[in-house]
$ cat data_38.cif   # mmCIF, C-alpha atoms and all ligand atoms
data_protein
loop_
_atom_site.label_atom_id
_atom_site.label_comp_id
_atom_site.auth_asym_id
_atom_site.auth_seq_id
_atom_site.Cartn_x
_atom_site.Cartn_y
_atom_site.Cartn_z
CA MET A 576 0.00 0.00 0.00
CA ASP A 577 1.40 3.40 -0.91
CA HIS A 578 1.50 5.79 2.02
CA SER A 579 3.71 8.35 0.40
CA ASP A 580 1.09 11.10 0.21
CA ARG A 581 -0.13 10.65 3.77
CA ILE A 582 1.47 11.85 6.97
CA PHE A 583 2.19 9.66 9.99
CA ILE A 584 -0.31 10.77 12.62
CA HIS A 585 2.11 10.15 15.48
CA GLY A 586 4.46 12.76 14.06
CA VAL A 587 1.85 15.56 14.12
CA SER A 588 1.97 17.96 17.07
CA LEU A 589 -1.21 18.96 18.88
CA PRO A 590 -1.24 22.57 17.55
CA GLU A 591 -0.72 21.25 14.01
CA LEU A 592 -3.58 18.81 14.41
CA GLN A 593 -5.80 21.55 15.82
CA GLU A 594 -5.04 23.67 12.77
CA TRP A 595 -5.79 20.83 10.42
CA ILE A 596 -9.05 20.07 12.25
CA THR A 597 -10.32 23.64 12.03
CA GLN A 598 -9.32 23.87 8.38
CA ALA A 599 -11.28 20.69 7.77
CA GLY A 600 -14.33 22.49 9.17
CA GLU A 601 -14.42 20.54 12.42
CA GLN A 602 -14.38 21.63 16.05
CA LYS A 603 -10.96 22.30 17.52
CA TYR A 604 -11.55 20.11 20.61
CA ARG A 605 -11.62 17.08 18.34
CA ALA A 606 -7.81 17.31 18.07
CA MET A 607 -7.45 16.70 21.80
CA GLN A 608 -9.87 13.78 21.56
CA ILE A 609 -7.70 12.27 18.83
CA TRP A 610 -4.58 12.73 20.94
CA GLU A 611 -6.29 11.01 23.86
CA TRP A 612 -6.99 8.03 21.64
CA LEU A 613 -3.43 8.04 20.34
CA TYR A 614 -1.50 8.49 23.56
CA HIS A 615 -3.78 7.51 26.44
CA HIS A 616 -5.72 4.65 24.93
CA GLN A 617 -3.10 3.96 22.26
CA VAL A 618 -5.54 2.73 19.68
CA GLU A 619 -4.05 1.32 16.54
CA ASP A 620 -6.60 2.45 13.98
CA TRP A 621 -9.22 5.10 13.29
CA ASP A 622 -12.13 2.78 14.06
CA GLY A 623 -10.90 2.60 17.63
CA MET A 624 -11.66 6.33 18.07
CA LYS A 625 -15.18 5.68 19.17
CA ASN A 626 -16.36 9.20 19.99
CA LEU A 627 -15.44 10.64 16.59
CA PRO A 628 -18.05 10.87 13.85
CA LYS A 629 -17.48 8.47 10.98
CA THR A 630 -17.13 11.36 8.52
CA LEU A 631 -14.24 12.80 10.54
CA ARG A 632 -12.57 9.41 10.79
CA GLU A 633 -12.80 9.15 7.01
CA LYS A 634 -11.28 12.60 6.55
CA LEU A 635 -8.48 11.69 8.94
CA SER A 636 -7.69 8.46 7.19
CA SER A 637 -7.39 10.18 3.83
CA SER A 638 -4.73 12.56 5.19
CA PHE A 639 -2.93 10.60 7.88
CA VAL A 640 -1.67 7.11 8.41
CA PHE A 641 -0.57 5.07 11.42
CA ALA A 642 3.10 4.15 11.46
CA ALA A 643 1.98 0.57 12.19
CA LEU A 644 5.33 -1.03 12.91
CA GLU A 645 4.91 -4.66 12.15
CA ARG A 646 6.71 -6.97 14.47
CA GLU A 647 8.74 -9.38 12.37
CA SER A 648 10.43 -11.24 15.18
CA VAL A 649 11.53 -10.99 18.78
CA GLN A 650 14.61 -12.45 20.44
CA GLU A 651 14.98 -12.58 24.17
CA SER A 652 18.28 -12.86 26.00
CA GLU A 653 18.90 -14.55 29.34
CA THR A 654 19.05 -11.15 31.01
CA GLY A 655 15.55 -10.31 29.75
CA THR A 656 16.75 -7.93 27.05
CA ARG A 657 14.54 -8.24 24.02
CA LYS A 658 15.42 -7.30 20.48
CA ILE A 659 12.50 -6.60 18.17
CA LEU A 660 12.84 -6.55 14.44
CA CYS A 661 10.21 -4.20 13.01
CA ARG A 662 8.99 -3.73 9.48
CA LEU A 663 8.07 -0.18 8.51
CA THR A 664 5.17 0.63 6.17
CA ASP A 665 7.49 0.77 3.15
CA GLY A 666 8.98 -2.63 3.95
CA GLU A 667 12.24 -1.36 5.46
CA LEU A 668 13.44 -3.05 8.63
CA ILE A 669 14.73 -1.54 11.84
CA GLU A 670 15.49 -2.91 15.26
CA GLU A 671 14.67 -1.72 18.72
CA VAL A 672 15.86 -3.13 22.01
CA LEU A 673 13.92 -3.39 25.24
CA ILE A 674 16.07 -3.31 28.34
CA PRO A 675 14.10 -4.05 31.49
CA ALA A 676 15.58 -3.35 34.92
CA ALA A 677 14.12 -3.42 38.40
CA ASP A 678 12.83 0.13 38.27
CA ARG A 679 12.99 0.88 34.54
CA ARG A 680 11.63 -0.20 31.24
CA THR A 681 13.98 1.31 28.70
CA VAL A 682 13.63 1.20 24.95
CA CYS A 683 16.56 1.81 22.65
CA VAL A 684 15.18 3.25 19.40
CA SER A 685 16.54 3.65 15.88
CA SER A 686 16.51 7.01 14.13
CA GLN A 687 17.50 5.92 10.62
CA VAL A 688 17.43 2.88 8.40
CA GLY A 689 21.18 2.27 8.44
CA CYS A 690 23.82 4.87 9.22
CA MET A 691 26.27 6.81 7.09
CA PHE A 692 28.95 7.44 9.73
CA GLY A 693 30.71 4.12 9.45
CA CYS A 694 32.40 3.83 12.85
CA ALA A 695 34.86 0.95 12.49
CA PHE A 696 33.48 -1.15 15.36
CA CYS A 697 29.75 -0.57 14.77
CA ALA A 698 27.64 -2.98 12.76
CA SER A 699 24.87 -0.48 12.04
CA GLY A 700 26.97 1.61 9.70
CA GLN A 701 28.51 -1.14 7.66
CA LEU A 702 25.89 -0.91 4.94
CA GLY A 703 25.39 2.84 4.72
CA VAL A 704 22.18 4.73 5.28
CA LYS A 705 18.99 3.97 3.38
CA ARG A 706 16.66 6.65 4.72
CA ASN A 707 15.68 8.74 7.72
CA LEU A 708 12.85 7.70 9.96
CA LYS A 709 9.91 10.08 10.24
CA ALA A 710 8.99 11.37 13.69
CA GLY A 711 5.77 9.35 13.58
CA GLU A 712 7.78 6.19 13.04
CA ILE A 713 10.07 6.95 15.98
CA VAL A 714 7.08 7.58 18.25
CA GLY A 715 5.61 4.40 16.76
CA GLU A 716 8.72 2.49 17.91
CA VAL A 717 8.12 3.63 21.50
CA LEU A 718 4.44 2.66 21.36
CA ALA A 719 5.31 -0.72 19.86
CA ALA A 720 7.85 -1.28 22.64
CA GLN A 721 5.23 -0.43 25.22
CA ARG A 722 2.83 -2.97 23.72
CA GLU A 723 5.62 -5.53 23.80
CA TYR A 724 6.38 -4.82 27.46
CA GLY A 725 2.71 -4.64 28.38
CA ASP A 726 3.75 -1.86 30.70
CA ARG A 727 4.68 1.80 30.56
CA ILE A 728 8.01 2.77 29.00
CA THR A 729 10.07 4.79 31.50
CA ASN A 730 13.13 5.69 29.41
CA VAL A 731 13.89 6.22 25.74
CA VAL A 732 17.46 6.19 24.41
CA PHE A 733 18.41 7.05 20.83
CA MET A 734 21.15 4.43 20.71
CA GLY A 735 19.71 2.08 18.16
CA ILE A 736 20.50 2.26 14.47
CA GLY A 737 21.39 5.62 12.96
CA GLU A 738 22.78 8.99 13.91
CA PRO A 739 20.05 11.12 15.52
CA PHE A 740 21.67 14.41 14.48
CA ASP A 741 21.78 13.28 10.86
CA ASN A 742 17.97 13.28 11.12
CA TYR A 743 17.75 16.23 13.46
CA ASP A 744 14.30 17.68 12.73
CA GLU A 745 12.39 14.42 12.86
CA VAL A 746 14.20 13.27 16.01
CA ILE A 747 13.44 16.53 17.84
CA ARG A 748 9.83 16.44 16.62
CA ALA A 749 9.49 12.92 18.02
CA VAL A 750 11.11 13.97 21.31
CA ARG A 751 8.62 16.84 21.70
CA ILE A 752 5.64 14.56 21.12
CA LEU A 753 7.02 11.96 23.53
CA ASN A 754 7.65 14.70 26.07
CA ASP A 755 4.32 16.54 25.62
CA PRO A 756 2.13 16.21 28.76
CA ASP A 757 -0.88 15.78 26.44
CA GLY A 758 1.08 13.32 24.31
CA PHE A 759 3.17 10.41 25.52
CA CYS A 760 4.07 12.45 28.61
CA LEU A 761 7.58 11.14 29.21
CA GLY A 762 9.88 13.43 31.19
CA ALA A 763 12.60 14.95 29.02
CA ARG A 764 15.27 13.76 31.43
CA ARG A 765 14.18 10.23 30.68
CA ILE A 766 15.07 10.71 27.03
CA THR A 767 18.72 10.39 25.91
CA ILE A 768 20.05 11.39 22.51
CA SER A 769 23.39 9.88 21.59
CA THR A 770 25.53 11.44 18.83
CA CYS A 771 28.79 10.33 17.27
CA GLY A 772 29.91 13.96 17.40
CA VAL A 773 27.90 15.90 14.83
CA VAL A 774 28.93 19.36 16.03
CA PRO A 775 26.15 21.41 14.36
CA GLY A 776 23.58 19.11 15.97
CA ILE A 777 25.00 19.71 19.45
CA GLN A 778 25.00 23.45 18.76
CA ARG A 779 21.36 23.40 17.63
CA MET A 780 20.37 21.43 20.72
CA GLU A 781 21.54 24.32 22.88
CA ASP A 782 18.59 26.42 21.77
CA GLU A 783 15.87 23.77 21.87
CA GLY A 784 15.10 24.42 25.52
CA LEU A 785 14.72 20.68 26.03
CA GLN A 786 15.91 19.01 29.22
CA VAL A 787 16.87 15.81 27.42
CA GLU A 788 20.10 14.00 28.22
CA LEU A 789 22.90 14.26 25.68
CA SER A 790 25.47 11.51 25.17
CA VAL A 791 28.48 11.99 22.95
CA SER A 792 30.37 9.00 21.54
CA LEU A 793 34.00 9.85 22.15
CA HIS A 794 35.84 6.51 21.90
CA ALA A 795 39.32 8.02 21.61
CA PRO A 796 41.31 10.70 23.43
CA ASN A 797 43.31 11.91 20.40
CA ASP A 798 42.66 12.69 16.75
CA THR A 799 44.86 9.94 15.34
CA THR A 800 42.93 7.15 17.03
CA ARG A 801 39.59 8.86 16.63
CA ASP A 802 40.18 9.45 12.90
CA ALA A 803 40.87 5.75 12.50
CA LEU A 804 37.82 4.62 14.49
CA MET A 805 35.29 7.27 13.56
CA PRO A 806 35.28 8.91 10.13
CA VAL A 807 33.12 11.70 11.60
CA ASN A 808 36.29 12.99 13.30
CA VAL A 809 37.63 14.09 9.94
CA SER A 810 34.72 16.53 9.62
CA TRP A 811 34.73 17.73 13.23
CA SER A 812 37.98 17.24 15.10
CA LEU A 813 38.25 16.27 18.72
CA GLU A 814 39.15 19.83 19.67
CA GLU A 815 36.10 21.26 17.88
CA LEU A 816 33.90 18.61 19.46
CA MET A 817 35.18 19.17 23.00
CA GLU A 818 34.92 22.94 22.68
CA THR A 819 31.34 22.59 21.42
CA CYS A 820 30.54 20.31 24.36
CA ARG A 821 32.12 22.75 26.82
CA ILE A 822 30.00 25.62 25.50
CA TYR A 823 26.88 23.42 25.48
CA THR A 824 27.47 22.57 29.15
CA LEU A 825 28.12 26.20 30.05
CA ARG A 826 25.00 27.49 28.30
CA THR A 827 22.52 24.76 29.12
CA LYS A 828 23.92 23.81 32.55
CA ARG A 829 23.39 20.25 31.47
CA ILE A 830 26.01 17.56 32.00
CA ILE A 831 27.05 15.55 28.95
CA THR A 832 27.84 11.83 29.18
CA PHE A 833 30.75 10.72 27.02
CA GLU A 834 30.53 7.17 25.72
CA TYR A 835 33.86 5.37 25.50
CA THR A 836 33.89 1.98 23.81
CA MET A 837 36.95 0.14 25.11
CA ILE A 838 39.00 -1.73 22.53
CA ARG A 839 42.04 -3.74 23.58
CA GLY A 840 45.32 -2.07 22.61
CA ILE A 841 43.54 0.51 20.48
CA ASN A 842 42.19 3.05 22.95
CA ASP A 843 42.84 1.48 26.36
CA THR A 844 46.58 2.07 26.90
CA GLU A 845 48.16 3.97 29.82
CA GLN A 846 48.66 6.96 27.52
CA ASP A 847 45.02 6.81 26.40
CA LEU A 848 43.91 6.86 30.00
CA ALA A 849 46.14 9.83 30.83
CA ASP A 850 44.92 11.73 27.75
CA LEU A 851 41.31 10.86 28.52
CA ILE A 852 41.64 12.30 32.01
CA VAL A 853 43.05 15.55 30.64
CA LEU A 854 40.20 15.75 28.15
CA LEU A 855 37.43 15.04 30.64
CA THR A 856 38.60 17.36 33.39
CA ARG A 857 38.17 20.44 31.21
CA PHE A 858 34.55 20.86 32.25
CA PRO A 859 32.01 18.91 34.31
CA CYS A 860 30.93 15.73 32.54
CA ARG A 861 30.36 12.01 33.00
CA VAL A 862 31.86 9.05 31.20
CA ASN A 863 30.27 5.73 30.38
CA LEU A 864 32.76 2.97 29.55
CA ILE A 865 31.43 0.33 27.16
CA PRO A 866 33.63 -2.75 26.77
CA LEU A 867 33.50 -3.43 23.02
CA SER A 868 30.84 -5.86 21.84
CA GLU A 869 32.84 -7.90 19.43
CA ILE A 870 31.27 -8.08 15.98
CA GLU A 871 32.11 -10.14 12.92
CA GLU A 872 32.83 -7.13 10.75
CA TYR A 873 35.56 -5.74 13.03
CA ASP A 874 38.57 -7.59 14.34
CA GLY A 875 39.11 -5.47 17.47
CA ARG A 876 38.90 -7.23 20.84
CA THR A 877 37.19 -6.07 23.98
CA SER A 878 39.39 -4.67 26.78
CA LYS A 879 40.44 -6.93 29.60
CA ARG A 880 38.35 -6.68 32.71
CA GLU A 881 41.31 -5.41 34.74
CA THR A 882 41.91 -2.64 32.19
CA VAL A 883 38.28 -1.56 32.46
CA GLU A 884 38.61 -1.58 36.24
CA LYS A 885 41.81 0.45 36.09
CA PHE A 886 40.04 3.03 33.89
CA ILE A 887 37.15 3.24 36.37
CA ASN A 888 39.43 3.75 39.36
CA ARG A 889 41.68 6.32 37.79
CA LEU A 890 38.86 8.29 36.18
CA GLU A 891 36.95 8.34 39.46
CA LYS A 892 40.10 9.42 41.29
CA ALA A 893 40.40 12.31 38.87
CA GLY A 894 36.90 13.36 39.93
CA ILE A 895 35.13 12.15 36.79
CA ASN A 896 31.82 10.43 37.36
CA THR A 897 32.27 7.04 35.69
CA THR A 898 29.87 4.21 34.87
CA VAL A 899 30.35 0.99 32.92
CA ARG A 900 27.88 -0.67 30.63
CA TRP A 901 28.60 -4.37 30.82
CA SER A 902 26.78 -5.62 27.78
CA LYS A 903 23.31 -6.98 28.23
CA GLY A 904 21.78 -9.12 25.59
CA VAL A 905 25.00 -10.23 23.95
CA ASP A 906 23.47 -13.62 23.26
CA VAL A 907 20.79 -12.10 21.05
CA ASN A 908 23.16 -9.69 19.32
CA ALA A 909 21.27 -6.87 20.95
CA ALA A 910 24.37 -5.15 22.24
CA CYS A 911 25.43 -1.77 20.97
CA GLY A 912 26.65 -1.82 17.46
CA GLN A 913 25.21 -5.23 16.73
CA LEU A 914 21.91 -3.99 15.48
CA ARG A 915 20.73 -4.39 11.99
CA SER A 916 23.48 -5.95 9.95
CA LYS A 917 22.72 -9.57 10.78
CA SER A 918 19.05 -9.52 10.02
CA MET A 919 18.99 -6.73 7.51
CA GLY A 920 21.95 -7.47 5.36
CA ASN A 921 19.55 -9.18 3.04
CA SER A 922 17.32 -6.21 2.43
CA LEU A 923 20.19 -3.83 1.78
CA ARG A 924 22.83 -5.87 0.05
CA MET A 925 21.36 -7.35 -3.01
CA LYS A 926 23.58 -10.39 -3.06
CA PRO A 927 21.86 -13.34 -1.44
CA VAL A 928 23.13 -14.32 1.97
CA PRO A 929 21.97 -17.32 3.95
CA GLN A 930 18.82 -16.68 5.92
CA GLN A 931 19.63 -15.88 9.52
CA SER A 932 17.52 -17.66 12.05
CA LEU A 933 16.12 -15.04 14.40
N1 LIG B 1 24.99 7.24 16.26
C1 LIG B 1 24.86 7.43 17.66
C2 LIG B 1 23.95 6.45 18.36
C3 LIG B 1 24.06 4.97 18.04
S1 LIG B 1 25.22 3.91 18.79
C4 LIG B 1 26.20 7.45 18.33
O1 LIG B 1 27.19 7.14 17.67
O2 LIG B 1 26.30 7.84 19.48
C5 LIG B 1 25.09 3.94 20.52
C6 LIG B 1 26.45 3.71 21.17
O3 LIG B 1 26.96 2.38 21.00
C7 LIG B 1 27.53 4.63 20.63
O4 LIG B 1 28.30 5.15 21.67
C8 LIG B 1 28.32 3.67 19.77
O5 LIG B 1 29.59 4.15 19.48
C9 LIG B 1 28.32 2.43 20.62
N2 LIG B 1 28.73 1.23 19.89
C10 LIG B 1 28.57 0.96 18.57
N3 LIG B 1 29.10 -0.24 18.26
C11 LIG B 1 29.60 -0.76 19.40
C12 LIG B 1 30.25 -1.99 19.72
N4 LIG B 1 30.48 -2.93 18.80
N5 LIG B 1 30.61 -2.19 21.00
C13 LIG B 1 30.36 -1.27 21.94
N6 LIG B 1 29.75 -0.10 21.71
C14 LIG B 1 29.37 0.17 20.43
#
$ encode --input "data_38.cif" --output "structure tokens" --more "lines below"
Ligand code: SAH
Amino acid sequence: MDHSDRIFIHGVSLPELQEWITQAGEQKYRAMQIWEWLYHHQVEDWDGMKNLPKTLREKLSSSFVFAALERESVQESETGTRKILCRLTDGELIEEVLIPAADRRTVCVSSQVGCMFGCAFCASGQLGVKRNLKAGEIVGEVLAAQREYGDRITNVVFMGIGEPFDNYDEVIRAVRILNDPDGFCLGARRITISTCGVVPGIQRMEDEGLQVELSVSLHAPNDTTRDALMPVNVSWSLEELMETCRIYTLRTKRIITFEYTMIRGINDTEQDLADLIVLLTRFPCRVNLIPLSEIEEYDGRTSKRETVEKFINRLEKAGINTTVRWSKGVDVNAACGQLRSKSMGNSLRMKPVPQQSL
């Protein structure tokens, strides 16, 4: 079915819907009724909107469409992490990961089909980017995750497939709808955007007035290593990135978390640690160490446990708030950087590859 001329309803803000409603000759309060159906009752089609006249439902369905993420498959790890493969309305596939904890139900969402940034150790970028997700599809991912959990989502992290700041407008639109008290009503501080270091995106975020958390993927304490690991560093150097982050922190009074994937012998030496400490004591920030999830496409090895522990101790001693993300869901390939390529290689690469059992 061709949806190209219709707009995803979950990407439309309340004021925009109110304007559309009045232009369609209907009462403005209908927009709020629609939003209640979408975000409180979370109906999945127009027929579910029982207090709307049939004529209005027909008008709506000729202009808007539900993102309707179709669940292709689910894999569950021993730790309870679940990876869901979702088919979008145009047939493209994305993945989202549900990470339950005692007091949280987190969903890790994708912002693009593929990624163009090509970090050496990340599986999501190995096949390039196919397209951006629309805001309505991103909100649709969160709603689908909530259906899967059967319980309310408490945290959303943009750490799935794609670079959020390469799809800036749609990501921010989705964040506003998720955050809207009349919409999904999720506190901004429970939403984390992670960027590989797209400097203009960080600068734009300064003026959004959003209290969302910002994570920056650092992964190296000098340009030589960062150039080799992350092609984005050629466009925006480490110095430019750190200066942008310093100004962001100063202006927004919000603390950035730096992500640091630890790769044995590549970015975990004594010198790397010393350089990292210099870098991260320039302004208040946090660091999250992520022992590399080893992937087929990259021959780097994860750091030794004692190296990770040494990093934690020394960073903490230097006054830097440090956390570690020991990988959850490794057995279902749901760890960072393992999304997409396994199941989606087929749809992107034209050459036939053996069917993966999911
Ligand atoms: N494009 C964004 C968000 C997606 S990735 C970004 O780069 O921040 C989310 C995090 O997982 C990033 O910090 C990314 O660098 C990290 N990551 C990717 N592949 C990984 C791997 N194989 N092992 C550990 N972390 C990885």
$ closest_residue --input "data_38.cif" --among "A:Asn626, A:Ser810, A:Ser637, A:Ser686" --to "ligand LIG 1 (chain B)" --atoms "all atoms listed in the file"
A:Ser686
$ closest_residue --input "data_38.cif" --among "A:Val684, A:Val618, A:Leu855, A:Cys697" --to "ligand LIG 1 (chain B)" --atoms "only C-alpha atoms and all ligand atoms"
A:Cys697
$ closest_residue --input "data_38.cif" --among "A:Tyr724, A:Phe692, A:Tyr604, A:Phe759" --to "A:Gly586" --atoms "all atoms listed in the file"
A:Phe759
$ residues_near_ligand --input "data_38.cif" --ligand "ligand LIG 1 (chain B)" --cutoff "8 Å" --atoms "only C-alpha atoms and all ligand atoms" --output "PyMOL selection string"
chain A and resi 685+690+692+694+696-699+733-739+768-772+790-794+834-837+865-870+910-913
$ atom_distance --input "data_38.cif" --atom1 "atom CA of A:Thr819" --atom2 "atom CA of A:Met780"
11.1 Å
$ residues_around --input "data_38.cif" --residues "stretch 873-888 of chain A" --least-positions-apart "6" --cutoff "12 Å" --atoms "only C-alpha atoms" --output "PDB file with C-alpha atoms, in the coordinates of the input"
ATOM      1  CA  GLY A 693      30.710   4.120   9.450  1.00  0.00           C
ATOM      2  CA  CYS A 694      32.400   3.830  12.850  1.00  0.00           C
ATOM      3  CA  ALA A 695      34.860   0.950  12.490  1.00  0.00           C
ATOM      4  CA  PHE A 696      33.480  -1.150  15.360  1.00  0.00           C
ATOM      5  CA  CYS A 697      29.750  -0.570  14.770  1.00  0.00           C
ATOM      6  CA  ALA A 698      27.640  -2.980  12.760  1.00  0.00           C
ATOM      7  CA  SER A 699      24.870  -0.480  12.040  1.00  0.00           C
ATOM      8  CA  GLY A 700      26.970   1.610   9.700  1.00  0.00           C
ATOM      9  CA  GLN A 701      28.510  -1.140   7.660  1.00  0.00           C
ATOM     10  CA  LEU A 804      37.820   4.620  14.490  1.00  0.00           C
ATOM     11  CA  TYR A 835      33.860   5.370  25.500  1.00  0.00           C
ATOM     12  CA  THR A 836      33.890   1.980  23.810  1.00  0.00           C
ATOM     13  CA  MET A 837      36.950   0.140  25.110  1.00  0.00           C
ATOM     14  CA  ILE A 838      39.000  -1.730  22.530  1.00  0.00           C
ATOM     15  CA  ARG A 839      42.040  -3.740  23.580  1.00  0.00           C
ATOM     16  CA  GLY A 840      45.320  -2.070  22.610  1.00  0.00           C
ATOM     17  CA  ILE A 841      43.540   0.510  20.480  1.00  0.00           C
ATOM     18  CA  ASN A 842      42.190   3.050  22.950  1.00  0.00           C
ATOM     19  CA  ASP A 843      42.840   1.480  26.360  1.00  0.00           C
ATOM     20  CA  THR A 844      46.580   2.070  26.900  1.00  0.00           C
ATOM     21  CA  GLU A 845      48.160   3.970  29.820  1.00  0.00           C
ATOM     22  CA  GLN A 846      48.660   6.960  27.520  1.00  0.00           C
ATOM     23  CA  ASP A 847      45.020   6.810  26.400  1.00  0.00           C
ATOM     24  CA  LEU A 848      43.910   6.860  30.000  1.00  0.00           C
ATOM     25  CA  ALA A 849      46.140   9.830  30.830  1.00  0.00           C
ATOM     26  CA  ASP A 850      44.920  11.730  27.750  1.00  0.00           C
ATOM     27  CA  LEU A 851      41.310  10.860  28.520  1.00  0.00           C
ATOM     28  CA  ILE A 852      41.640  12.300  32.010  1.00  0.00           C
ATOM     29  CA  ARG A 861      30.360  12.010  33.000  1.00  0.00           C
ATOM     30  CA  VAL A 862      31.860   9.050  31.200  1.00  0.00           C
ATOM     31  CA  ASN A 863      30.270   5.730  30.380  1.00  0.00           C
ATOM     32  CA  LEU A 864      32.760   2.970  29.550  1.00  0.00           C
ATOM     33  CA  ILE A 865      31.430   0.330  27.160  1.00  0.00           C
ATOM     34  CA  PRO A 866      33.630  -2.750  26.770  1.00  0.00           C
ATOM     35  CA  LEU A 867      33.500  -3.430  23.020  1.00  0.00           C
ATOM     36  CA  GLY A 894      36.900  13.360  39.930  1.00  0.00           C
ATOM     37  CA  ILE A 895      35.130  12.150  36.790  1.00  0.00           C
ATOM     38  CA  ASN A 896      31.820  10.430  37.360  1.00  0.00           C
ATOM     39  CA  THR A 897      32.270   7.040  35.690  1.00  0.00           C
ATOM     40  CA  THR A 898      29.870   4.210  34.870  1.00  0.00           C
ATOM     41  CA  VAL A 899      30.350   0.990  32.920  1.00  0.00           C
ATOM     42  CA  ARG A 900      27.880  -0.670  30.630  1.00  0.00           C
ATOM     43  CA  TRP A 901      28.600  -4.370  30.820  1.00  0.00           C
ATOM     44  CA  SER A 902      26.780  -5.620  27.780  1.00  0.00           C
ATOM     45  CA  GLY A 912      26.650  -1.820  17.460  1.00  0.00           C
ATOM     46  CA  GLN A 913      25.210  -5.230  16.730  1.00  0.00           C
TER      47      GLN A 913
END
$ closest_residue --input "data_38.cif" --among "A:Tyr614, A:Ser638, A:Thr800, A:Ile831" --to "A:Asn754" --atoms "only C-alpha atoms"
A:Tyr614
$ atom_distance --input "data_38.cif" --atom1 "atom CA of A:Ala795" --atom2 "atom CA of A:Trp811"
13.6 Å
$ residues_around --input "data_38.cif" --residues "A:Leu631" --least-positions-apart "6" --cutoff "12 Å" --atoms "all atoms listed in the file" --output "number ranges by chain"
A: 595-597, 599-602, 605-606, 608-609, 621-622, 624-625, 637-639
$ residues_near_point --input "data_38.cif" --point "(18.5, 5.3, 6.6)" --cutoff "9 Å" --atoms "only C-alpha atoms" --output "list in words"
Ser686, Gln687, Val688, Gly689, Cys690, Met691, Gly703, Val704, Lys705, Arg706, Asn707, Leu708, Ile736 and Gly737 of chain A
$ atom_distance --input "data_38.cif" --atom1 "atom CA of A:Cys820" --atom2 "atom CA of A:Glu712"
29.1 Å
$ closest_residue --input "data_38.cif" --among "A:Glu814, A:Asp620, A:Leu761, A:Thr654" --to "A:Arg632" --atoms "all atoms listed in the file"
A:Asp620
$ residues_around --input "data_38.cif" --residues "stretch 668-676 of chain A" --least-positions-apart "2" --cutoff "7 Å" --atoms "all atoms listed in the file" --output "MDAnalysis selection string"
chainID A and resid 655:663 666 678:685 688 720 735 909 914:915 919
$ closest_residue --input "data_38.cif" --among "A:Phe583, A:Gln598, A:Leu613, A:Glu653" --to "A:Val640" --atoms "only C-alpha atoms"
A:Phe583
$ residues_around --input "data_38.cif" --residues "A:Arg857" --least-positions-apart "4" --cutoff "9 Å" --atoms "all atoms listed in the file" --output "list in words"
Met817, Arg821, Ile852 and Val853 of chain A
$ write_last_selection --input "data_38.cif" --atoms "C-alpha atoms" --output "PDB file, keeping the file's coordinate frame"
ATOM      1  CA  MET A 817      35.180  19.170  23.000  1.00  0.00           C
ATOM      2  CA  ARG A 821      32.120  22.750  26.820  1.00  0.00           C
ATOM      3  CA  ILE A 852      41.640  12.300  32.010  1.00  0.00           C
ATOM      4  CA  VAL A 853      43.050  15.550  30.640  1.00  0.00           C
TER       5      VAL A 853
END
$ residues_near_point --input "data_38.cif" --point "(27.2, 21.4, 32.0)" --cutoff "12 Å" --atoms "only C-alpha atoms" --output "PyMOL selection string"
chain A and resi 781+786+788-789+819-832+857-861
$ residues_around --input "data_38.cif" --residues "A:Ala763" --least-positions-apart "5" --cutoff "12 Å" --atoms "only C-alpha atoms" --output "PyMOL selection string"
chain A and resi 729-732+747+749-756+768+783-789
$ write_last_selection --input "data_38.cif" --atoms "C-alpha atoms" --output "PDB file, in the frame of the given file"
ATOM      1  CA  THR A 729      10.070   4.790  31.500  1.00  0.00           C
ATOM      2  CA  ASN A 730      13.130   5.690  29.410  1.00  0.00           C
ATOM      3  CA  VAL A 731      13.890   6.220  25.740  1.00  0.00           C
ATOM      4  CA  VAL A 732      17.460   6.190  24.410  1.00  0.00           C
ATOM      5  CA  ILE A 747      13.440  16.530  17.840  1.00  0.00           C
ATOM      6  CA  ALA A 749       9.490  12.920  18.020  1.00  0.00           C
ATOM      7  CA  VAL A 750      11.110  13.970  21.310  1.00  0.00           C
ATOM      8  CA  ARG A 751       8.620  16.840  21.700  1.00  0.00           C
ATOM      9  CA  ILE A 752       5.640  14.560  21.120  1.00  0.00           C
ATOM     10  CA  LEU A 753       7.020  11.960  23.530  1.00  0.00           C
ATOM     11  CA  ASN A 754       7.650  14.700  26.070  1.00  0.00           C
ATOM     12  CA  ASP A 755       4.320  16.540  25.620  1.00  0.00           C
ATOM     13  CA  PRO A 756       2.130  16.210  28.760  1.00  0.00           C
ATOM     14  CA  ILE A 768      20.050  11.390  22.510  1.00  0.00           C
ATOM     15  CA  GLU A 783      15.870  23.770  21.870  1.00  0.00           C
ATOM     16  CA  GLY A 784      15.100  24.420  25.520  1.00  0.00           C
ATOM     17  CA  LEU A 785      14.720  20.680  26.030  1.00  0.00           C
ATOM     18  CA  GLN A 786      15.910  19.010  29.220  1.00  0.00           C
ATOM     19  CA  VAL A 787      16.870  15.810  27.420  1.00  0.00           C
ATOM     20  CA  GLU A 788      20.100  14.000  28.220  1.00  0.00           C
ATOM     21  CA  LEU A 789      22.900  14.260  25.680  1.00  0.00           C
TER      22      LEU A 789
END
